[in-house]
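Peer 1: Next up is a structure, given as structure tokens.
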Number of protein chains: 4
Amino acid sequence: MIILLSPDAGPSDRDAVRAAVERLGATVGEVELGSRQALLVEDAGGRLTVGALSRLPHVQRVVPLDSGTPLAAGSLTRERRPVALGPALFGGGHVSVIAGPCTIEDPEHLRVITHAVRDAGAAALRGGAFKVRTSPHAYQGGGLEALTHLRAASRDVGLPFFTELTDPRQVEQVADLVDGVQIGARHMQNFPLLLEAAKLGKPILLKRHMAADLEEFLLAAEYVLQAGHEDVILCERGIKSAERHVRYMLDIGAIPWLKQRVGLPIIVDPSHAAGHHELVPGLARAAIAAGADGLIVEVHHAPEATRCDALQALSPGAFAELMNDVRSLVALDGRRVVPAPLHALDGEGNGVARVRLAGAPGRIDGQHTAASSRRSV
Amino acid sequence: MIILLSPDAGPSDRDAVRAAVERLGATVGEVELGSRQALLVEDAGGRLTVGALSRLPHVQRVVPLDSGTPLAAGSLTRERRPVALGPALFGGGHVSVIAGPCTIEDPEHLRVITHAVRDAGAAALRGGAFKVRTSPHAYQGGGLEALTHLRAASRDVGLPFFTELTDPRQVEQVADLVDGVQIGARHMQNFPLLLEAAKLGKPILLKRHMAADLEEFLLAAEYVLQAGHEDVILCERGIKSAERHVRYMLDIGAIPWLKQRVGLPIIVDPSHAAGHHELVPGLARAAIAAGADGLIVEVHHAPEATRCDALQALSPGAFAELMNDVRSLVALDGRRVVPAPLHALDGEGNGVARVRLAGAPGRIDGQHTAASSRRSV
Amino acid sequence: MIILLSPDAGPSDRDAVRAAVERLGATVGEVELGSRQALLVEDAGGRLTVGALSRLPHVQRVVPLDSGTPLAAGSLTRERRPVALGPALFGGGHVSVIAGPCTIEDPEHLRVITHAVRDAGAAALRGGAFKVRTSPHAYQGGGLEALTHLRAASRDVGLPFFTELTDPRQVEQVADLVDGVQIGARHMQNFPLLLEAAKLGKPILLKRHMAADLEEFLLAAEYVLQAGHEDVILCERGIKSAERHVRYMLDIGAIPWLKQRVGLPIIVDPSHAAGHHELVPGLARAAIAAGADGLIVEVHHAPEATRCDALQALSPGAFAELMNDVRSLVALDGRRVVPAPLHALDGEGNGVARVRLAGAPGRIDGQHTAASSRRSV
Amino acid sequence: MIILLSPDAGPSDRDAVRAAVERLGATVGEVELGSRQALLVEDAGGRLTVGALSRLPHVQRVVPLDSGTPLAAGSLTRERRPVALGPALFGGGHVSVIAGPCTIEDPEHLRVITHAVRDAGAAALRGGAFKVRTSPHAYQGGGLEALTHLRAASRDVGLPFFTELTDPRQVEQVADLVDGVQIGARHMQNFPLLLEAAKLGKPILLKRHMAADLEEFLLAAEYVLQAGHEDVILCERGIKSAERHVRYMLDIGAIPWLKQRVGLPIIVDPSHAAGHHELVPGLARAAIAAGADGLIVEVHHAPEATRCDALQALSPGAFAELMNDVRSLVALDGRRVVPAPLHALDGEGNGVARVRLAGAPGRIDGQHTAASSRRSV
């Protein structure tokens with residue numbers, strides 16, 4: 001760090017600051033900056049903060065010299081490789097779309113929705129069992145029973161799934177049931193939960209808090225990376241703003257900014273950002289055009305019967321149209337949508353992509369630990 | 001409006017509220033809502049406000065019955081037609097890109113830039129002569145002399161131009177010089193300026209204030225529409241937010257929201273939103289994919305020598321790449337970029353679009369009043 | 001709820017909406033609103049949401065008829081009584097100030113600080129053992145050992161303390177050590193943690209998240225209240241904003257708004273809001289003048305040696321001055337500061353308030369369960 | 001400025017950056033910062049910006065060396081003296097309250113209100129004639145005729161007044177009618193208006209835009225100061241936020257921050273910040289306790305009959321209570337309220353302050369140019 005001294009600091013002031021910093025365990029050098037004096041501080045122990053040094057008398061400003069990139073270069077500047085959730089691939093030139101209901105309320109509804117999104121070309125499912133509801137009087141989710149329904153539906157259509165966890169004590173309980181763990185926006189800085197989830201070795205979908213800046217977002221990912229787990233998918237879902245025409249303000253600039261700085265895949269949740277189904281396709285197209293590695297979208301065929309986020313669910317028909325748009329946009333820049341549309345594989349394409357997974361119900365081909373999936377890509 | 005009375009309001013309270021509203025000149029009816037009482041207020045004079053009625057005792061809530069759409073249906077639900085700035089067309093299935101320097105500082109720089117953006121496929125020019133600079137100590141723009149340079153450059157390359165006005169007293173002064181008037185974000189609610197600019201009958205590019213919601217934005221346009229001038233182009237340029245990775249937060253959801261509600265064209269300024277040239281292309285692609293009718297982009301070949309917004313200017317090369325992306329994206333949904341690439345006209349396309357305007361220097365073909373341009377489309 | 005039908009809805013549309021709502025289990029009545037049609041919906045099961053009903057065709061708007069107050073009237077409209085943390089009283093006309101270091105780093109520093117704030121008139125201590133640090137590379141707090149130091153310091157000076165918990169698994173572990181539990185802003189919506197903390201029966205200091213609105217804040221408190229625990233102290237600590245002269249924007253209007261609606265005490269954390277020690281006294285005075293029932297303030301005599309929030313800690317001298325201001329302000333409106341200054345008790349006041357607690361080290365007089373403390377007030 | 005070069009910049013890169021900066025007209029020196037290289041740039045011409053230098057290759061960061069205080073030290077570090085609007089004094093230990101209706105709608109209403117606020121202890125009047133209304137369909141203010149009514153009411157009660165101007169062309173028109181000019185929040189960066197208003201030589205009440213940071217606010221004041229006019233009163237009135245319990249979020253921390261940095265008086269508008277009369281007294285007390293030099297408050301005895309901001313007007317009774325609170329708070333810290341309560345002057349105080357101005361109707365004693373009022377204090 002450089003400590004810039006006040007314009008009126010004299011030599012004895014400089015010596016006093018220097019002595020104070022040395023007492024705190026750092027090495028100090030002196031620098032002349034034209035008519036101004038500065039100190040160059042080397043803090044091998046990493047104990048000093050900008051705030052602490054700013055409290056010393058005669059200090060005008062403290063300038064950190066490091067690059068400001070908070071993440072260990074080694075964990076993020078690696079070659080960009082996709083994160084795999086079974087056959088779904090995120091990043092490294094692959095785009096996958098996750099779709100499903102907000103909350104698992106009714107097994108029959110779930111069956112209708114999962115078949116519809118599979119037929120339209122989704123690569124993975126979503127669905128909430130453990131919910132974070134603002135009000136204790138609102139529906140709190142179906143818990144383990146709902147999770148069992150989601151797992152059955154997943155095996156039925158041959159698509160893996162993400163589901164949200166909200167309590168470190170849930171992790172062990174669901175270890176054998178889930179394919180991937182979603183950390184919801186409100187739990188982005190619930191570090192005990194992140195560290196417990198990291199132990200599972202399964203892909204983690206980390207949503208950005210609606211009030212987190214990108215550095216805070218990356219530092220939350222850093223907690224997982226530091227725990228030795230690399231399969232983190234970042235998810236932008238909109239930030240809190242004063243505007244009321246959308247539920248949250250989608251931060252579209254976060255996509256290129258993140259992709260220029262980190263190797264983790266970035267997907268977008270247009271449903272929670274928009275808050276209204278009529279705005280979801282526009283946000284989703286924008287996200288793909290800006291470079292997002294995937295989407296997570298809420299779909300429901302009977303939203304008027306749901307108890308959570310009814311306004312933002314796409315109908316199955318609207319979702320199928322959106323998937324067509326996604327395929328067109330991804331084709332423009334040489335990336336690949338997963339799963340590839342049938343006609344791309346065998347010429348039998350009939351306008352609706354169909355997922356071809358060998359897996360019988362109860363088994364997702366390619367479902368394995370994150371470490372092996374990363375090697376296999 | 002419906003006045004919902006408090007749960008504890010008795011019949012005499014209801015009568016008192018009713019009498020008070022009638023004294024204010026409105027007609028009042030009574031409504032039973034289950035166990036609750038309400039009043040239906042018809043205010044032919046348009047004098048009452050929700051706030052005023054809310055001040056009456058025993059009133060719990062006042063609910064407006066109109067749709068909430070503030071704009072006269074007649075002026076905005078018309079068939080979508082483009083707004084024309086000379087040959088450049090915005091909306092109605094046409095996409096045009098405006099490009100140029102932030103500020104007109106040096107005629108030779110201006111020449112280099114205007115040729116570059118013309119060759120890359122821009123449909124119109126931009127450039128600031130009358131600036132709104134936060135600090136009185138910063139460069140304040142070149143004024144009339146700069147405007148003369150911009151007009152000459154415009155005629156040299158055969159592209160029309162927008163320039164910002166900041167004072168109602170400028171309008172008459174520049175009436176014969178400008179092709180279209182930009183109202184900058186900070187002047188969006190400078191209604192005397194808007195009303196004076198409306199008198200020119202030339203296209204108005206109205207930028208959204210960084211703290212205006214969409215209703216306030218439309219109501220500013222409504223001032224111009226009410227003055228009898230219809231050629232307003234709305235421009236989203238990002239709102240103020242707490243985030244620092246972008247200069248302003250581009251409100252991408254505003255594009256579909258506005259297009260679902262009003263007939264005016266919507267373009268996007270990715271330069272001021274991003275604040276950094278590396279993020280501009282991502283935002284620009286997102287805007288087009290979300291349905292924007294055009295872009296306004298800052299371009300400079302020597303940004304280190306400029307006194308305004310150096311960080312956000314695209315190089316001519318980056319702008320040419322962006323134009324290629326724009327053409328690809330627009331082609332996906334059946335819209336047309338203006339001007340059409342050469343190869344689309346005569347098969348001679350060589351990867352770089354070239355604008356074909358007959359206009360000799362000093363003349364922009366198709367430059368005419370807004371009213372006639374609207375009829376001719 | 002009232003469903004307002006679209007202006008163009010005909011009788012058959014009305015019947016269709018009515019039938020759909022009845023299929024969802026509600027009772028429906030019809031209402032004429034002048035030329036408009038509406039339906040009155042009674043949903044005894046509490047299953048319907050505004051969003052779900054809004055998805056039905058021909059519905060223009062859904063207006064809830066309840067007051068909008070989310071909290072059970074019974075738990076919040078009770079007579080205002082203070083919440084007691086040992087001898088410290090919050091609310092019901094009592095004002096108490098909590099003070100101490102951000103983080104417990106050094107037992108000797110802790111001793112200096114706790115004596116200073118006790119002598120200046122603090123009613124309780126604060127100090128972090130389990131920290132929520134944005135970066136995994138920053139100091140993570142001293143854990144149980146630090147908590148032991150804080151407890152010892154508390155008994156030494158005879159002041160009770162709050163400390164933050166961050167993981168539901170910590171609650172049982174510290175049950176016998178803590179006097180009161182702080183739920184930090186980032187964990188305001190960590191409902192598993194709130195429910196676990198509620199079981200302790202000790203006062204809960206619930207900080208508002210920097211992106212939570214007041215309804216979300218009250219609904220978080222409602223989780224605790226619904227669990228049968230009433231001793232919740234609300235703490236406003238500033239919301240995220242775009243401004244950089246303060247760390248967070250203190251929402252001073254939240255104080256009167258909350259006091260007009262709920263019976264829970266409201267205190268203010270000026271330290272995290274200001275982010276800079278020079279702004280803390282101004283915010284603190286404003287909070288008391290606006291009606292806050294107390295403060296929680298960070299104090300350190302050697303901030304340059306700390307690893308957390310060095311910029312915002314008040315010196316012991318500045319804290320003593322602030323306490324004088326607090327006493328003056330509270331005296332204006334007939335409330336009482338706890339502990340009362342000595343001179344108010346026996347005429348021996350010498351300008352510095354001194355806390356008079358009988359308790360020997362290791363014991364806080366009046367330290368008992370919340371339920372009994374509430375009865376005793 | 002210091003240019004910090006990238007970690008990988010070699011000697012030839014350093015020389016290239018140095019040469020480029022010298023070509024832009026600056027003097028460049030070299031600095032060693034441990035293992036890093038930096039350049040010290042002296043730009044006598046003031047032409048270079050941080051953004052422009054950041055565009056050079058191999059530049060990691062540009063750090064300005066000046067203090068960051070944008071205002072000329074000479075204009076703002078002067079001894080703190082009050083700004084005078086006739087007998088009303090703002091700053092320098094004096095606190096004055098401005099009060100009146102939002103808009104001048106009815107002369108008889110105006111008479112009732114101005115007498116009430118005079119009797120309660122207001123030092124000056126407010127009232128809008130030229131309004132900035134978001135919608136062209138809303139009431140646009142009474143213009144010159146309304147201004148004439150306000151002037152008459154002012155002379156009747158013997159209190160000077162501020163009124164808002166919105167167009168540089170109005171300034172000459174009203175030069176002889178107004179006592180002080182208010183620049184509304186939406187026109188804070190309407191620099192042509194500010195420069196025209198500065199020519200009047202009358203006190204300017206400059207309201208902070210709801211999206212302006214404090215540096216932008218001070219730079220707007222700087223436009224007036226640079227024009228040679230020193231009588232600027234800064235007015236904090238709340239910033240735009242996502243919260244809905246208040247209309248704008250009062251930035252209470254701005255008061256101590258500004259008072260620690262500039263010599264201009266700072267007052268607060270609690271009415272527009274709160275947006276609801278029940279929250280106004282709390283915000284007003286907080287502002288005075290935080291050090292504000294005055295208030296500007298909306299008062300109306302019949303808000304249900306008004307066409308503008310009905311919800312936020314205080315009743316005359318509530319305003320009188322607020323004035324009592326203001327006097328109590330100001331007395332705590334040794335400042336003086338203007339006008340002094342009668343009983344403080346001659347012992348005849350009867351609980352209601354009464355303004356003692358010799359001026360007959362039509363004349364405000366002490367009404368003189370700013371320059372003379374500044375000398376006389």
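Scheme for the structure tokens: letters A, B, ... for chains in order shown; per-chain residue numbers from 1; ligand numbers from 1 in order shown.
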Kindly assemble as a tab-separated table a list of the chain A residues that lie within 10 Å of chain B, each paired with its nearest atom pair and their distance in Å to one decimal, using only C-alpha atoms, sorted first by chain and then by ascending residue number.
Peer 2:
residue	atom	partner	partner_atom	distance
A:Ala211	CA	B:Ala242	CA	8.8
A:Ala212	CA	B:Glu243	CA	8.7
A:Asp213	CA	B:Glu243	CA	6.0
A:Leu214	CA	B:His245	CA	7.6
A:Glu215	CA	B:His245	CA	9.3
A:Ile239	CA	B:Ser241	CA	9.3
A:Lys240	CA	B:Ser241	CA	9.2
A:Ser241	CA	B:Ser241	CA	7.4
A:Ala242	CA	B:Asp213	CA	8.1
A:Glu243	CA	B:Asp213	CA	6.0
A:Arg244	CA	B:Asp213	CA	7.9
A:His245	CA	B:Trp257	CA	7.4
A:Val246	CA	B:Gly253	CA	6.8
A:Arg247	CA	B:Gly253	CA	10.0
A:Tyr248	CA	B:Gly253	CA	9.5
A:Met249	CA	B:Asp251	CA	6.6
A:Leu250	CA	B:Ile252	CA	7.1
A:Asp251	CA	B:Met249	CA	6.6
A:Ile252	CA	B:Leu283	CA	6.8
A:Gly253	CA	B:Leu283	CA	6.2
A:Ala254	CA	B:His245	CA	7.6
A:Ile255	CA	B:Gly282	CA	8.0
A:Pro256	CA	B:Gly282	CA	6.1
A:Trp257	CA	B:Leu279	CA	6.7
A:Leu258	CA	B:His245	CA	9.7
A:Gln260	CA	B:Glu278	CA	8.8
A:Pro270	CA	B:Gly253	CA	9.7
A:Ala273	CA	B:Gly253	CA	8.8
A:Ala274	CA	B:Gly253	CA	7.1
A:Glu278	CA	B:Pro256	CA	8.2
A:Leu279	CA	B:Pro256	CA	6.2
A:Val280	CA	B:Gly253	CA	8.5
A:Pro281	CA	B:Ala290	CA	8.1
A:Gly282	CA	B:Ala290	CA	4.6
A:Leu283	CA	B:Gly253	CA	6.2
A:Ala284	CA	B:Ala290	CA	8.2
A:Arg285	CA	B:Ala289	CA	5.7
A:Ala286	CA	B:Ala286	CA	3.9
A:Ala287	CA	B:Ala286	CA	6.4
A:Ile288	CA	B:Ala286	CA	7.7
A:Ala289	CA	B:Ala286	CA	5.2
A:Ala290	CA	B:Gly282	CA	4.6
A:Gly291	CA	B:Gly282	CA	7.3
A:Asp325	CA	B:Leu332	CA	8.7
A:Ser328	CA	B:Leu332	CA	7.3
A:Leu329	CA	B:Leu329	CA	7.6
A:Leu332	CA	B:Ser328	CA	7.3
A:Asp333	CA	B:Asp325	CA	9.2
Peer 1: How would you write, as a ChimeraX atom specification, the set of residues in segment 51-289 of chain A that DSSP gives as helix (DSSP H, G or I)?
Peer 2: /A:51-54,73-76,107-120,143-157,168-174,185-187,191-198,214-226,254-259,270-274,277-289
Peer 1: Filtering to C-alpha atoms, could you give me those residues as a PDB file, in the first residue's frame?
Peer 2:
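The resulting file, selection.pdb, is shown below:
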ATOM      1  CA  GLY A  51      -9.175   1.665   7.144  1.00  0.00           C
ATOM      2  CA  ALA A  52      -6.743   1.044   9.966  1.00  0.00           C
ATOM      3  CA  LEU A  53      -3.895   2.975   8.311  1.00  0.00           C
ATOM      4  CA  SER A  54      -6.306   5.799   7.488  1.00  0.00           C
ATOM      5  CA  ALA A  73      -5.383 -16.098  -9.723  1.00  0.00           C
ATOM      6  CA  GLY A  74      -4.810 -19.830  -9.764  1.00  0.00           C
ATOM      7  CA  SER A  75      -8.417 -20.737  -9.164  1.00  0.00           C
ATOM      8  CA  LEU A  76      -9.930 -18.393 -11.705  1.00  0.00           C
ATOM      9  CA  PRO A 107     -46.734 -34.022  -8.330  1.00  0.00           C
ATOM     10  CA  GLU A 108     -49.095 -34.025 -11.293  1.00  0.00           C
ATOM     11  CA  HIS A 109     -48.334 -30.383 -12.089  1.00  0.00           C
ATOM     12  CA  LEU A 110     -44.667 -31.202 -11.779  1.00  0.00           C
ATOM     13  CA  ARG A 111     -45.000 -34.020 -14.302  1.00  0.00           C
ATOM     14  CA  VAL A 112     -46.699 -31.788 -16.867  1.00  0.00           C
ATOM     15  CA  ILE A 113     -44.068 -29.062 -16.469  1.00  0.00           C
ATOM     16  CA  THR A 114     -41.002 -31.284 -16.554  1.00  0.00           C
ATOM     17  CA  HIS A 115     -42.173 -33.047 -19.710  1.00  0.00           C
ATOM     18  CA  ALA A 116     -42.895 -29.702 -21.351  1.00  0.00           C
ATOM     19  CA  VAL A 117     -39.509 -28.158 -20.574  1.00  0.00           C
ATOM     20  CA  ARG A 118     -37.685 -31.366 -21.562  1.00  0.00           C
ATOM     21  CA  ASP A 119     -39.486 -31.383 -24.906  1.00  0.00           C
ATOM     22  CA  ALA A 120     -38.671 -27.712 -25.464  1.00  0.00           C
ATOM     23  CA  GLY A 143     -39.397 -30.079   2.257  1.00  0.00           C
ATOM     24  CA  LEU A 144     -38.037 -33.596   1.876  1.00  0.00           C
ATOM     25  CA  GLU A 145     -41.264 -34.987   0.436  1.00  0.00           C
ATOM     26  CA  ALA A 146     -41.221 -32.360  -2.323  1.00  0.00           C
ATOM     27  CA  LEU A 147     -37.577 -33.125  -3.002  1.00  0.00           C
ATOM     28  CA  THR A 148     -38.449 -36.789  -3.484  1.00  0.00           C
ATOM     29  CA  HIS A 149     -41.078 -35.804  -6.044  1.00  0.00           C
ATOM     30  CA  LEU A 150     -38.561 -33.645  -7.896  1.00  0.00           C
ATOM     31  CA  ARG A 151     -35.999 -36.431  -7.972  1.00  0.00           C
ATOM     32  CA  ALA A 152     -38.584 -38.846  -9.383  1.00  0.00           C
ATOM     33  CA  ALA A 153     -39.641 -36.340 -12.046  1.00  0.00           C
ATOM     34  CA  SER A 154     -36.001 -35.736 -12.908  1.00  0.00           C
ATOM     35  CA  ARG A 155     -35.363 -39.441 -13.492  1.00  0.00           C
ATOM     36  CA  ASP A 156     -38.617 -39.727 -15.416  1.00  0.00           C
ATOM     37  CA  VAL A 157     -37.575 -37.152 -18.015  1.00  0.00           C
ATOM     38  CA  PRO A 168     -26.256 -26.187   6.842  1.00  0.00           C
ATOM     39  CA  ARG A 169     -28.051 -28.956   8.719  1.00  0.00           C
ATOM     40  CA  GLN A 170     -29.958 -29.896   5.531  1.00  0.00           C
ATOM     41  CA  VAL A 171     -26.825 -30.722   3.578  1.00  0.00           C
ATOM     42  CA  GLU A 172     -26.071 -34.122   5.048  1.00  0.00           C
ATOM     43  CA  GLN A 173     -29.770 -34.999   4.981  1.00  0.00           C
ATOM     44  CA  VAL A 174     -30.116 -34.518   1.209  1.00  0.00           C
ATOM     45  CA  ALA A 185     -29.697 -14.893  -3.301  1.00  0.00           C
ATOM     46  CA  ARG A 186     -30.645 -14.281   0.334  1.00  0.00           C
ATOM     47  CA  HIS A 187     -28.094 -16.895   1.450  1.00  0.00           C
ATOM     48  CA  PHE A 191     -20.890 -18.750   4.689  1.00  0.00           C
ATOM     49  CA  PRO A 192     -21.523 -21.703   7.050  1.00  0.00           C
ATOM     50  CA  LEU A 193     -24.058 -22.950   4.484  1.00  0.00           C
ATOM     51  CA  LEU A 194     -21.646 -22.440   1.583  1.00  0.00           C
ATOM     52  CA  LEU A 195     -18.857 -24.290   3.334  1.00  0.00           C
ATOM     53  CA  GLU A 196     -21.144 -27.197   4.213  1.00  0.00           C
ATOM     54  CA  ALA A 197     -22.494 -27.366   0.655  1.00  0.00           C
ATOM     55  CA  ALA A 198     -18.964 -27.347  -0.753  1.00  0.00           C
ATOM     56  CA  LEU A 214     -19.647  -8.061  -7.970  1.00  0.00           C
ATOM     57  CA  GLU A 215     -16.689  -8.139  -5.625  1.00  0.00           C
ATOM     58  CA  GLU A 216     -18.891  -9.427  -2.799  1.00  0.00           C
ATOM     59  CA  PHE A 217     -20.376 -11.956  -5.215  1.00  0.00           C
ATOM     60  CA  LEU A 218     -16.944 -13.256  -6.229  1.00  0.00           C
ATOM     61  CA  LEU A 219     -15.795 -13.336  -2.620  1.00  0.00           C
ATOM     62  CA  ALA A 220     -18.742 -15.576  -1.765  1.00  0.00           C
ATOM     63  CA  ALA A 221     -17.628 -17.901  -4.573  1.00  0.00           C
ATOM     64  CA  GLU A 222     -14.124 -17.634  -3.156  1.00  0.00           C
ATOM     65  CA  TYR A 223     -15.340 -19.232   0.100  1.00  0.00           C
ATOM     66  CA  VAL A 224     -16.298 -22.320  -1.918  1.00  0.00           C
ATOM     67  CA  LEU A 225     -13.149 -22.270  -4.024  1.00  0.00           C
ATOM     68  CA  GLN A 226     -10.980 -21.932  -0.951  1.00  0.00           C
ATOM     69  CA  ALA A 254     -22.201  -7.992 -14.994  1.00  0.00           C
ATOM     70  CA  ILE A 255     -21.998 -10.667 -17.677  1.00  0.00           C
ATOM     71  CA  PRO A 256     -19.183  -9.178 -19.795  1.00  0.00           C
ATOM     72  CA  TRP A 257     -17.487  -7.769 -16.693  1.00  0.00           C
ATOM     73  CA  LEU A 258     -17.362 -11.183 -15.024  1.00  0.00           C
ATOM     74  CA  LYS A 259     -16.408 -13.041 -18.187  1.00  0.00           C
ATOM     75  CA  PRO A 270     -34.602 -13.660 -16.011  1.00  0.00           C
ATOM     76  CA  SER A 271     -37.699 -14.790 -14.082  1.00  0.00           C
ATOM     77  CA  HIS A 272     -36.841 -13.284 -10.707  1.00  0.00           C
ATOM     78  CA  ALA A 273     -35.346 -10.212 -12.366  1.00  0.00           C
ATOM     79  CA  ALA A 274     -38.415  -9.512 -14.498  1.00  0.00           C
ATOM     80  CA  HIS A 277     -43.769 -13.262 -17.483  1.00  0.00           C
ATOM     81  CA  GLU A 278     -44.194 -10.757 -20.298  1.00  0.00           C
ATOM     82  CA  LEU A 279     -40.731  -9.323 -19.677  1.00  0.00           C
ATOM     83  CA  VAL A 280     -38.913 -12.653 -19.226  1.00  0.00           C
ATOM     84  CA  PRO A 281     -38.182 -13.429 -22.905  1.00  0.00           C
ATOM     85  CA  GLY A 282     -36.666  -9.991 -23.540  1.00  0.00           C
ATOM     86  CA  LEU A 283     -34.344 -10.273 -20.547  1.00  0.00           C
ATOM     87  CA  ALA A 284     -33.437 -13.841 -21.459  1.00  0.00           C
ATOM     88  CA  ARG A 285     -32.498 -12.929 -25.019  1.00  0.00           C
ATOM     89  CA  ALA A 286     -30.471  -9.979 -23.786  1.00  0.00           C
ATOM     90  CA  ALA A 287     -28.581 -12.230 -21.380  1.00  0.00           C
ATOM     91  CA  ILE A 288     -27.606 -14.725 -24.080  1.00  0.00           C
ATOM     92  CA  ALA A 289     -26.618 -11.930 -26.472  1.00  0.00           C
TER      93      ALA A 289
END
Peer 1: Find the residues near Gly93 of chain D: any atom within 9 Å, counting only C-alpha atoms, skip ones fewer than 5 places away on the same chain, and give them as a ChimeraX atom specification.
Peer 2: /D:80-82,293,334-337
Peer 1: For the residues in that selection, give me N, CA and C atoms as a tab-separated table (two decimals), in the first residue's frame.
Peer 2:
chain	number	residue	atom	x	y	z
D	80	ARG	N	-17.14	30.83	8.73
D	80	ARG	CA	-18.57	30.56	8.56
D	80	ARG	C	-19.39	31.77	8.95
D	81	ARG	N	-20.10	32.30	7.99
D	81	ARG	CA	-20.99	33.42	8.27
D	81	ARG	C	-22.37	33.05	7.77
D	82	PRO	N	-23.42	33.60	8.37
D	82	PRO	CA	-24.74	33.23	7.91
D	82	PRO	C	-25.04	33.85	6.54
D	293	ASP	N	-28.80	23.96	9.57
D	293	ASP	CA	-28.92	25.39	9.86
D	293	ASP	C	-30.33	25.91	9.63
D	334	GLY	N	-26.24	25.68	21.86
D	334	GLY	CA	-25.75	27.06	21.88
D	334	GLY	C	-26.03	27.86	20.63
D	335	ARG	N	-26.82	27.30	19.71
D	335	ARG	CA	-27.16	28.10	18.54
D	335	ARG	C	-28.42	28.92	18.84
D	336	ARG	N	-28.77	29.81	17.91
D	336	ARG	CA	-29.94	30.67	18.12
D	336	ARG	C	-30.97	30.49	17.01
D	337	VAL	N	-32.22	30.35	17.38
D	337	VAL	CA	-33.29	30.32	16.39
D	337	VAL	C	-33.63	31.77	16.01
Peer 1: Within 6 Å of Gly100 of chain B, counting only C-alpha atoms, which residues show up once you throw out same-chain ones fewer than 4 positions away? Write them as a compact mmCIF listing (two decimals) with N, CA and C atoms, in the first residue's frame, please.
Peer 2:
# COMPACT_ATOMS: atom_id res chain seq x y z
N LEU B 125 -25.06 10.73 -37.03
CA LEU B 125 -23.93 11.14 -36.20
C LEU B 125 -24.42 11.73 -34.88
N ARG B 126 -23.51 11.74 -33.91
CA ARG B 126 -23.74 12.44 -32.66
C ARG B 126 -22.50 13.27 -32.36
N GLY B 127 -22.63 14.28 -31.49
CA GLY B 127 -21.48 15.07 -31.10
C GLY B 127 -21.97 16.25 -30.29
N GLU B 298 -20.68 6.16 -28.51
CA GLU B 298 -19.53 7.07 -28.59
C GLU B 298 -18.32 6.36 -29.17
N VAL B 299 -17.68 7.01 -30.15
CA VAL B 299 -16.54 6.43 -30.85
C VAL B 299 -15.43 7.47 -30.90
Peer 1: Can you pull out the residues contacting Asp15 of chain C? Cut-off 12 Å, using only C-alpha atoms, and skip same-chain residues under 2 positions away; I want them as a list in words.
Peer 2: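 Close residues of Asp15 of chain C: Leu5, Ala9, Gly10, Pro11, Ser12, Asp13, Val17, Arg18, Ala19, Ala20, Val21, Glu22, Val28, Gly29, Glu30, Gln37, Ala38, Leu39, Pro57, His58 and Val59 of chain C.
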Peer 1: Output as a PyMOL selection string all residues of segment 227-366 of chain D that backbone DSSP marks as strand (DSSP E or B).
Peer 2: chain D and resi 232-236+239+249+266-268+294-299+314+336-338
